[in-house]
Amino acid sequence: MNRSGISRRKFIIGSAVGGASLVASNYLNFDSWANSKSDSNDLKITPTLCDGCGNWCAINVYTRGDRIWKAEGIPIAGNNHGRICAKGHALLHEVYNKDRIKSPLKRTGPNKFQPISWEQVYREIGEKVHEIIGKDGPQSLFLLQYPEGNASLCSRFMNALGSPNVFSHASTCFLPRNIGWWITTGSAKPEHDLEHTRFAVFLGRNIAAGLRLRQLSDLSKAKDRGARFVAIDPRFSELASYTHQWVQIRPGTDLALMLALGNTLIEENLYQRDYIDKYTEGFDELAQKFKDYTPDWAEQKTGVPKAVIRKLAHDLAEYAPQSFVHRGYHGALGTQYKNSFQLVRAVACVNGLLGNFNQRGGMFDPPKVKLGKLDSQKFPKLPEMDGVMVDGSGDVDRYPITPVGLGLTHSIPELAIAGKLKAGFVYHNNPLRTCPNPARVIEGYRKLDLLVSFDYVLSETASLAHYILPESYYLERDDVVHTNHCYDSHQVAIRQAVIKPLYDTKPMVLILIELAKSLGIGDYFNFTLDEYNRAALAPLGVTLERLKREGVIDLGGKWEPGPPHFKTPSGKLEFVSSTLKDLNLPSAPELEDPLVTPDESDIRSFRLIHGKQAHHTHAKTINQEYLKEISVLNDMTRVWIHPDRAKALGIEDGDCMTISNNVGKGRARALLTQGIHRDCIFLPSSYGVYSKKLHTAFGYGISYNDFLPTYFEPVLGHCMSNEIIVRVEKTPA
Amino acid sequence: MPRYGIAIDSTKCVGCHSCRVACQNQNSLESNETFNWIKHRDRGRYPSYYKEFIPLQCNHCENAPCQRVCPTGATYTSKEGVVLVNPKTCVGCKYCMEACPYKMRIIDHRRGIVEKCRLCIELVRDGGTPACVTTCPTQVRIFGDLDDPKSAVSIFIAKTGAQPLRPDLGTIPKIFYKRS
């Protein structure tokens with residue numbers, strides 16, 4: 001569009017009339033912004049929570065009139081300390097994305113949808129659900145969500161329907177990490193006093209891309225104070241650029257390294273004896289178990305020189321308790337390997353040997369805010385829901401320590417194919433892209449008699465849904481109050497609407513309340529969101545009005561170091577776990593090899609590893625043009641490969657490679673770098689969108705899930721997402 | 001009158017690109033227009049291999065080549081030492097783009113002029129700091145008055161010996177880098 005000749009005045013009027021117009025029409029140049037300051041009375045600041053990833057950073061969003069302009073971080077927020085990442089800034093534009101769903105939709109054919117009224121869609125879903133419950137029982141229903149914010153109401157919704165099957169993304173993300181720490185210390189997600197630490201080891205954890213803004217900010221302060229950091233990773237991660245040392249490790253062997261660290265600490269008497277006597281359980285058995293895991297032995301397994309392993313142990317011990325091995329996330333300690341659970345246990349035990357729990361510069365159980373509940377006089381209480389999930393979570397004979405309510409997301413397609421699940425609700429999740437082996441996932445989800453999505457765009461999963469009830473975008477809606485910002489203090493925060501919904505969409509809570517009526521469970525949803533939030537806030541002495549004004553409120557009670565309290569059966573840190581012993585599982589950490597290894601005799605055989613990039617969250621943000629532009633400009637979909645390995649295959653930097661195995665096949669360009677272990681190639685996990693209705697993202701890059709078989713780890717059932725062997729070849733011209 | 005500058009500790013940069021998008025929003029730029037970039041350089045072989053991220057933006061040179069070649073005087077230096085473009089007099093000839101040894105200027109296709117980093121002067125004059133500084137998770141950038149020896153930026157430069165890029169060009173930049 002030719003804009004020359006349009007006066008600024010007309011231009012602004014034009015963009016105001018065009019309500020849903022695109023970014024371009026919001027363009028305010030420098031002088032116009034400077035001039036417009038005099039009439040800046042339409043400038044408004046609304047505090048809310050970002051939705052770029054699971055951190056939910058607290059932000060102040062600036063609007064000019066009804067148009068969103070920019071955001072700044074809220075300084076007191078424990079999770080982000082006033083900082084925002086690229087996603088947080090860029091997603092402000094996403095509300096104006098052309099790909100958004102503008103009203104409820106009903107699927108009429110492959111990738112064909114027709115608008116439908118809210119009343120009609122509630123009625124049709126109600127009838128269908130009643131029919132399915134009548135025929136197959138409520139256990140054949142499931143809900144898959146990203147367990148935050150409105151999660152409590154989603155669970156209430158499913159439990160009211162009589163189904164325990166509330167799934168999260170845990171089994172493709174963090175499951176072993178949570179269970180391992182919980183078994184050992186009673187805290188599923190301990191935090192770090194990073195700001196005061198003096199030496200920290202990051203094992204397969206990249207907080208500079210799987211972003212934790214608070215941790216990065218604290219890390220920076222600690223660095224200024226002279227603290228030292230080591231990144232242990234098969235590849236030179238973004239965090240490795242920041243740390244003082246990078247230790248390259250053979251993928252899947254982190255457990256051997258950790259066992260050798262434990263061995264060195266014990267054999268060389270480097271552990272905190274007093275602390276261990278007082279606060280831990282099973283030291284002697286652990287010492288016995290670790291006896292053979294020497295640094296010499298670990299060098300063979302990991303490729304890390306024994307001198308480096310000894311040095312790490314000595315450094316950790318020298319600064320203990322102001323030192324730690326990071327508690328991990330999705331990396332080696334998450335759902336990536338068969339031995340991830342043993343690894344988490346080993347990491348927790350090594351931290352135990354350092355005596356750093358609840359110590360300055362060590363680790364701690366983050367303070368938790370206890371929210372209030374609805375008055376059971378006025379609002380009927382749900383009947384107790386017990387019983388195991390359909391996937392075997394919580395079942396003594398199957399996955400006894402996998403919690404009900406997290407479940408195994410990648411088991412859903414298998415259960416649908418087996419006829420055990422008939423209908424599902426998917427909220428804030430996209431299993432068709434984020435679960436292993438998409439062909440199988442599609443087959444499974446297609447089998448469902450009813451699939452309801454609450455997505456705001458036609459993601460892969462929404463494209464397959466029978467009905468889409470579009471949730472308002474996070475900048476257009478209020479959510480349940482949130483306590484994720486605690487970190488080292490007690491904080492409560494809220495997400496609230498910054499602008500009015502642009503289209504015929506509704507907040508999730510309102511959709512649940514209205515849908516509940518047509519499902520015959522309206523009695524359990526006879527409240528408004530505000531009533532629910534007021535009940536939650538009541539014990540905190542904070543009014544909803546004040547919270548909406550301030551966005552985040554610090555309730556005090558900051559964490560202080562002191563004697564540790566462990567919420568384990570013995571009340572101590574359990575080197576040897578009675579829970580695991582009772583279940584006939586290894587009670588102390590022990591070596592377990594990865595499930596698969598590359599074929600050493602084949603120069604084309606590699607392990608495929610993956611990881612995040614700082615400006616993307618899974619494959620959910622690549623449809624945002626500001627973020628895609630960063631990837632395009634820096635050519636970031638390339639697959640990392642070691643130059644020597646590439647040379648043997650005749651691959652040069654930038655060449656197209658064909659990657660294949662018996663699950664999938666894909667092509668990507670090569671990035672030759674010294675920053676990767678010879679045994680593996682690295683694929684960024686931000687790409688590979690295959691929904692044609694996501695116009696910016698479609699067809700850009702590939703995803704590791706395309707090569708990942710559907711695995712269930714025997715103890716917890718997680719997806720083992722790095723247990724992939726692929727064949728790499730140069731793509732013929 | 002202050003003389004503003006920024007010290008960049010590139011050893012702290014993790015390449016997250018938050019600065020880029022914060023800047024785009026602050027200045028209402030489109031997705032493919034930017035006033036700052038992050039370049040990375042691979043160095044050495046394992047075990048001494050490392051990768052350096054280097055945030056780049058206009059250096060706000062005291063002796064600005066872009067200003068010298070501007071035929072209409074559209075490029076000027078503000079009283080705070082910030083190199084700016086007057087959109088009313090810029091004719092889009094792009095001489096400045098050629099003259100800038102750091103290649104930090106971009107074309108604004110909608111207005112047919114050349115644009116660049118403004119050091120968020122409108123925020124700074126209100127007592128704030130540039131958007132790229134505020135948003136950075138690892139506090140890579142330190143902003144302040146170079147003429148005030150007690151400002152954080154001056155102290156940082158004095159302590160670390162941070163240097164501008166290519167000081168040999170005689171452009172006298174006001175952005176300083178600590179790179180190791």
# chains A, B, ... in the order shown; residues from 1 in each chain; ligands from 1
>>> closest_atom_pairs(of="chain B", to="chain A", cutoff="9 Å", atoms="only C-alpha atoms", output="CSV")
residue,atom,partner,partner_atom,distance
B:Thr11,CA,A:Tyr242,CA,6.2
B:Lys12,CA,A:Tyr242,CA,5.6
B:Cys13,CA,A:Tyr242,CA,7.0
B:Val14,CA,A:Glu238,CA,5.4
B:Gly15,CA,A:Glu238,CA,7.2
B:Cys16,CA,A:Ala614,CA,5.0
B:His17,CA,A:Ala86,CA,5.7
B:Ser18,CA,A:Ala86,CA,3.8
B:Cys19,CA,A:Ala86,CA,7.2
B:Arg20,CA,A:Ala86,CA,7.4
B:Val21,CA,A:Ala86,CA,5.6
B:Ala22,CA,A:His89,CA,5.9
B:Gln24,CA,A:His89,CA,8.9
B:Asn25,CA,A:Lys70,CA,5.4
B:Gln26,CA,A:Lys70,CA,6.3
B:Asn27,CA,A:Phe30,CA,6.9
B:Ser28,CA,A:Tyr27,CA,5.5
B:Leu29,CA,A:Tyr27,CA,6.8
B:Glu30,CA,A:Ala24,CA,6.8
B:Ser31,CA,A:Tyr626,CA,4.5
B:Asn32,CA,A:Glu629,CA,6.4
B:Ile38,CA,A:Asn634,CA,8.9
B:Lys39,CA,A:Asn634,CA,8.4
B:Asp42,CA,A:Thr673,CA,8.0
B:Arg43,CA,A:Gln674,CA,8.9
B:Gly44,CA,A:Gln674,CA,8.1
B:Arg45,CA,A:Gln674,CA,6.1
B:Tyr46,CA,A:Gln674,CA,6.3
B:Pro47,CA,A:Val247,CA,7.9
B:Ser48,CA,A:Trp246,CA,8.7
B:Tyr49,CA,A:Gln674,CA,6.7
B:Tyr50,CA,A:Ser241,CA,6.7
B:Lys51,CA,A:Ser241,CA,5.9
B:Glu52,CA,A:Ser241,CA,6.3
B:Phe53,CA,A:Ser241,CA,7.7
B:Asn86,CA,A:Asp31,CA,8.3
B:Pro87,CA,A:Asp31,CA,7.6
B:Arg110,CA,A:Arg3,CA,7.2
B:Arg111,CA,A:Ser4,CA,7.4
B:Arg118,CA,A:Phe30,CA,8.8
B:Glu122,CA,A:Ala34,CA,6.8
B:Ala131,CA,A:Glu72,CA,8.6
B:Thr134,CA,A:Arg83,CA,7.0
B:Thr135,CA,A:Arg83,CA,4.8
B:Cys136,CA,A:Arg83,CA,6.3
B:Pro137,CA,A:Ser217,CA,5.5
B:Thr138,CA,A:Ser217,CA,5.1
B:Gln139,CA,A:Ser220,CA,7.0
B:Val140,CA,A:Ser220,CA,8.8
>>> write_last_selection(atoms="C-alpha atoms", output="mmCIF file, in the first residue's frame")
data_model
loop_
_atom_site.group_PDB
_atom_site.id
_atom_site.type_symbol
_atom_site.label_atom_id
_atom_site.label_comp_id
_atom_site.auth_asym_id
_atom_site.auth_seq_id
_atom_site.Cartn_x
_atom_site.Cartn_y
_atom_site.Cartn_z
ATOM 1 C CA THR B 11 31.145 -12.286 27.680
ATOM 2 C CA LYS B 12 27.672 -12.175 29.213
ATOM 3 C CA CYS B 13 25.665 -12.252 25.982
ATOM 4 C CA VAL B 14 23.825 -15.519 25.326
ATOM 5 C CA GLY B 15 22.307 -14.430 22.015
ATOM 6 C CA CYS B 16 18.674 -14.469 23.181
ATOM 7 C CA HIS B 17 17.682 -11.520 20.931
ATOM 8 C CA SER B 18 15.505 -9.914 23.569
ATOM 9 C CA CYS B 19 17.215 -6.561 22.854
ATOM 10 C CA ARG B 20 16.290 -6.762 19.204
ATOM 11 C CA VAL B 21 12.560 -7.205 19.743
ATOM 12 C CA ALA B 22 12.390 -4.797 22.687
ATOM 13 C CA GLN B 24 11.519 -3.062 17.535
ATOM 14 C CA ASN B 25 8.519 -2.580 19.814
ATOM 15 C CA GLN B 26 9.825 0.604 21.409
ATOM 16 C CA ASN B 27 10.406 2.138 17.987
ATOM 17 C CA SER B 28 7.403 0.490 16.269
ATOM 18 C CA LEU B 29 9.573 -1.249 13.696
ATOM 19 C CA GLU B 30 8.433 -4.072 11.476
ATOM 20 C CA SER B 31 9.710 -7.620 11.883
ATOM 21 C CA ASN B 32 12.448 -7.242 9.278
ATOM 22 C CA ILE B 38 23.721 -10.185 17.390
ATOM 23 C CA LYS B 39 26.614 -11.682 15.483
ATOM 24 C CA ASP B 42 33.294 -19.506 16.392
ATOM 25 C CA ARG B 43 36.834 -19.676 17.695
ATOM 26 C CA GLY B 44 39.353 -22.451 18.279
ATOM 27 C CA ARG B 45 39.091 -26.219 18.363
ATOM 28 C CA TYR B 46 37.832 -28.385 21.177
ATOM 29 C CA PRO B 47 38.776 -28.289 24.060
ATOM 30 C CA SER B 48 39.509 -24.590 23.633
ATOM 31 C CA TYR B 49 36.591 -24.019 21.250
ATOM 32 C CA TYR B 50 34.231 -21.227 22.143
ATOM 33 C CA LYS B 51 31.494 -19.191 20.587
ATOM 34 C CA GLU B 52 31.200 -15.482 21.194
ATOM 35 C CA PHE B 53 27.977 -13.486 20.804
ATOM 36 C CA ASN B 86 15.767 14.195 10.891
ATOM 37 C CA PRO B 87 13.111 12.437 8.801
ATOM 38 C CA ARG B 110 7.761 3.173 4.068
ATOM 39 C CA ARG B 111 9.102 6.672 4.385
ATOM 40 C CA ARG B 118 18.260 6.477 18.479
ATOM 41 C CA GLU B 122 12.753 9.957 24.126
ATOM 42 C CA ALA B 131 14.850 -0.567 25.760
ATOM 43 C CA THR B 134 16.346 -2.614 30.376
ATOM 44 C CA THR B 135 15.218 -5.909 28.924
ATOM 45 C CA CYS B 136 18.527 -7.818 28.854
ATOM 46 C CA PRO B 137 18.308 -10.925 31.074
ATOM 47 C CA THR B 138 22.060 -11.028 31.715
ATOM 48 C CA GLN B 139 22.642 -7.270 31.949
ATOM 49 C CA VAL B 140 25.043 -7.200 29.036
#
>>> residues_around(residues="segment 440-448 of chain A", least_positions_apart="3", cutoff="7 Å", atoms="only C-alpha atoms", output="ChimeraX atom specification")
/A:413-414,416-417,422-423,432,437,451
>>> residues_around(residues="Val82 of chain B", least_positions_apart="3", cutoff="10 Å", atoms="only C-alpha atoms", output="ChimeraX atom specification")
/B:3-5,58-62,76-79,85,117-121,174
>>> closest_residue(among="A:Leu469, A:Ala320, A:Ile412, A:Leu595", to="Gln120 of chain A", atoms="only C-alpha atoms")
A:Leu469
>>> select_by_dssp(residues="segment 382-498 of chain A", states="strand (DSSP E or B)", output="PyMOL selection string")
chain A and resi 393+399+423-427+450-453+457+467-468+471+482+490-493
>>> closest_residue(among="A:Ser577, A:Pro431, A:Asp292, A:Gly162", to="Ile521 of chain A", atoms="only C-alpha atoms")
A:Gly162
>>> atom_distance(atom1="atom CA of Ala516 of chain A", atom2="atom CA of Asn111 of chain A")
27.6 Å
>>> select_by_dssp(residues="segment 124-330 of chain A", states="helix (DSSP H, G or I)", output="NGL selection string")
:A and (124-136 or 138-140 or 151-161 or 170-172 or 175-185 or 194-196 or 213-224 or 238-242 or 254-267 or 273-279 or 283-290 or 295-302 or 306-319)
>>> closest_residue(among="B:Asp147, B:Lys178, B:Glu80, B:Gln57", to="Arg125 of chain B", atoms="only C-alpha atoms")
B:Glu80
>>> atom_distance(atom1="atom CA of Asp274 of chain A", atom2="atom CA of Ala200 of chain A")
21.9 Å
>>> atom_distance(atom1="atom CA of Pro594 of chain A", atom2="atom CA of Thr253 of chain A")
7.4 Å
>>> decode(residues="segment 508-530 of chain A", atoms="N, CA and C atoms", output="PDB file, in the first residue's frame")
ATOM      1  N   MET A 508     -11.023 -18.999  28.773  1.00  0.00           N
ATOM      2  CA  MET A 508     -11.182 -20.433  29.014  1.00  0.00           C
ATOM      3  C   MET A 508     -12.134 -20.706  30.177  1.00  0.00           C
ATOM      4  N   VAL A 509     -11.990 -19.934  31.247  1.00  0.00           N
ATOM      5  CA  VAL A 509     -12.824 -20.207  32.429  1.00  0.00           C
ATOM      6  C   VAL A 509     -14.301 -20.034  32.076  1.00  0.00           C
ATOM      7  N   LEU A 510     -14.607 -19.017  31.301  1.00  0.00           N
ATOM      8  CA  LEU A 510     -15.997 -18.805  30.898  1.00  0.00           C
ATOM      9  C   LEU A 510     -16.482 -19.949  29.998  1.00  0.00           C
ATOM     10  N   ILE A 511     -15.630 -20.411  29.110  1.00  0.00           N
ATOM     11  CA  ILE A 511     -16.002 -21.537  28.240  1.00  0.00           C
ATOM     12  C   ILE A 511     -16.325 -22.764  29.098  1.00  0.00           C
ATOM     13  N   LEU A 512     -15.482 -23.028  30.101  1.00  0.00           N
ATOM     14  CA  LEU A 512     -15.713 -24.190  30.969  1.00  0.00           C
ATOM     15  C   LEU A 512     -17.037 -24.053  31.718  1.00  0.00           C
ATOM     16  N   ILE A 513     -17.297 -22.862  32.243  1.00  0.00           N
ATOM     17  CA  ILE A 513     -18.526 -22.637  33.008  1.00  0.00           C
ATOM     18  C   ILE A 513     -19.744 -22.862  32.113  1.00  0.00           C
ATOM     19  N   GLU A 514     -19.693 -22.338  30.896  1.00  0.00           N
ATOM     20  CA  GLU A 514     -20.839 -22.470  29.993  1.00  0.00           C
ATOM     21  C   GLU A 514     -20.988 -23.892  29.460  1.00  0.00           C
ATOM     22  N   LEU A 515     -19.833 -24.490  29.141  1.00  0.00           N
ATOM     23  CA  LEU A 515     -19.865 -25.856  28.618  1.00  0.00           C
ATOM     24  C   LEU A 515     -20.374 -26.829  29.684  1.00  0.00           C
ATOM     25  N   ALA A 516     -19.996 -26.553  30.944  1.00  0.00           N
ATOM     26  CA  ALA A 516     -20.397 -27.432  32.055  1.00  0.00           C
ATOM     27  C   ALA A 516     -21.917 -27.582  32.101  1.00  0.00           C
ATOM     28  N   LYS A 517     -22.626 -26.483  31.811  1.00  0.00           N
ATOM     29  CA  LYS A 517     -24.100 -26.525  31.865  1.00  0.00           C
ATOM     30  C   LYS A 517     -24.646 -27.550  30.883  1.00  0.00           C
ATOM     31  N   SER A 518     -24.123 -27.533  29.660  1.00  0.00           N
ATOM     32  CA  SER A 518     -24.684 -28.446  28.668  1.00  0.00           C
ATOM     33  C   SER A 518     -24.203 -29.881  28.877  1.00  0.00           C
ATOM     34  N   LEU A 519     -23.226 -30.062  29.784  1.00  0.00           N
ATOM     35  CA  LEU A 519     -22.753 -31.410  30.071  1.00  0.00           C
ATOM     36  C   LEU A 519     -23.394 -31.953  31.346  1.00  0.00           C
ATOM     37  N   GLY A 520     -24.299 -31.164  31.937  1.00  0.00           N
ATOM     38  CA  GLY A 520     -24.980 -31.638  33.151  1.00  0.00           C
ATOM     39  C   GLY A 520     -24.138 -31.540  34.404  1.00  0.00           C
ATOM     40  N   ILE A 521     -23.036 -30.786  34.355  1.00  0.00           N
ATOM     41  CA  ILE A 521     -22.230 -30.613  35.565  1.00  0.00           C
ATOM     42  C   ILE A 521     -22.189 -29.139  35.959  1.00  0.00           C
ATOM     43  N   GLY A 522     -23.216 -28.408  35.526  1.00  0.00           N
ATOM     44  CA  GLY A 522     -23.290 -26.975  35.800  1.00  0.00           C
ATOM     45  C   GLY A 522     -23.279 -26.653  37.283  1.00  0.00           C
ATOM     46  N   ASP A 523     -23.802 -27.595  38.107  1.00  0.00           N
ATOM     47  CA  ASP A 523     -23.833 -27.349  39.551  1.00  0.00           C
ATOM     48  C   ASP A 523     -22.440 -27.117  40.125  1.00  0.00           C
ATOM     49  N   TYR A 524     -21.452 -27.750  39.516  1.00  0.00           N
ATOM     50  CA  TYR A 524     -20.082 -27.606  40.022  1.00  0.00           C
ATOM     51  C   TYR A 524     -19.402 -26.357  39.461  1.00  0.00           C
ATOM     52  N   PHE A 525     -20.081 -25.675  38.591  1.00  0.00           N
ATOM     53  CA  PHE A 525     -19.506 -24.466  38.002  1.00  0.00           C
ATOM     54  C   PHE A 525     -20.464 -23.287  38.147  1.00  0.00           C
ATOM     55  N   ASN A 526     -21.074 -23.185  39.346  1.00  0.00           N
ATOM     56  CA  ASN A 526     -22.050 -22.112  39.574  1.00  0.00           C
ATOM     57  C   ASN A 526     -21.378 -20.880  40.165  1.00  0.00           C
ATOM     58  N   PHE A 527     -20.248 -20.496  39.611  1.00  0.00           N
ATOM     59  CA  PHE A 527     -19.537 -19.318  40.099  1.00  0.00           C
ATOM     60  C   PHE A 527     -18.977 -18.559  38.905  1.00  0.00           C
ATOM     61  N   THR A 528     -18.538 -17.353  39.168  1.00  0.00           N
ATOM     62  CA  THR A 528     -17.843 -16.603  38.116  1.00  0.00           C
ATOM     63  C   THR A 528     -16.354 -16.667  38.403  1.00  0.00           C
ATOM     64  N   LEU A 529     -15.558 -16.282  37.414  1.00  0.00           N
ATOM     65  CA  LEU A 529     -14.112 -16.297  37.601  1.00  0.00           C
ATOM     66  C   LEU A 529     -13.723 -15.383  38.760  1.00  0.00           C
ATOM     67  N   ASP A 530     -14.361 -14.221  38.838  1.00  0.00           N
ATOM     68  CA  ASP A 530     -14.023 -13.295  39.921  1.00  0.00           C
ATOM     69  C   ASP A 530     -14.314 -13.907  41.284  1.00  0.00           C
TER      70      ASP A 530
END
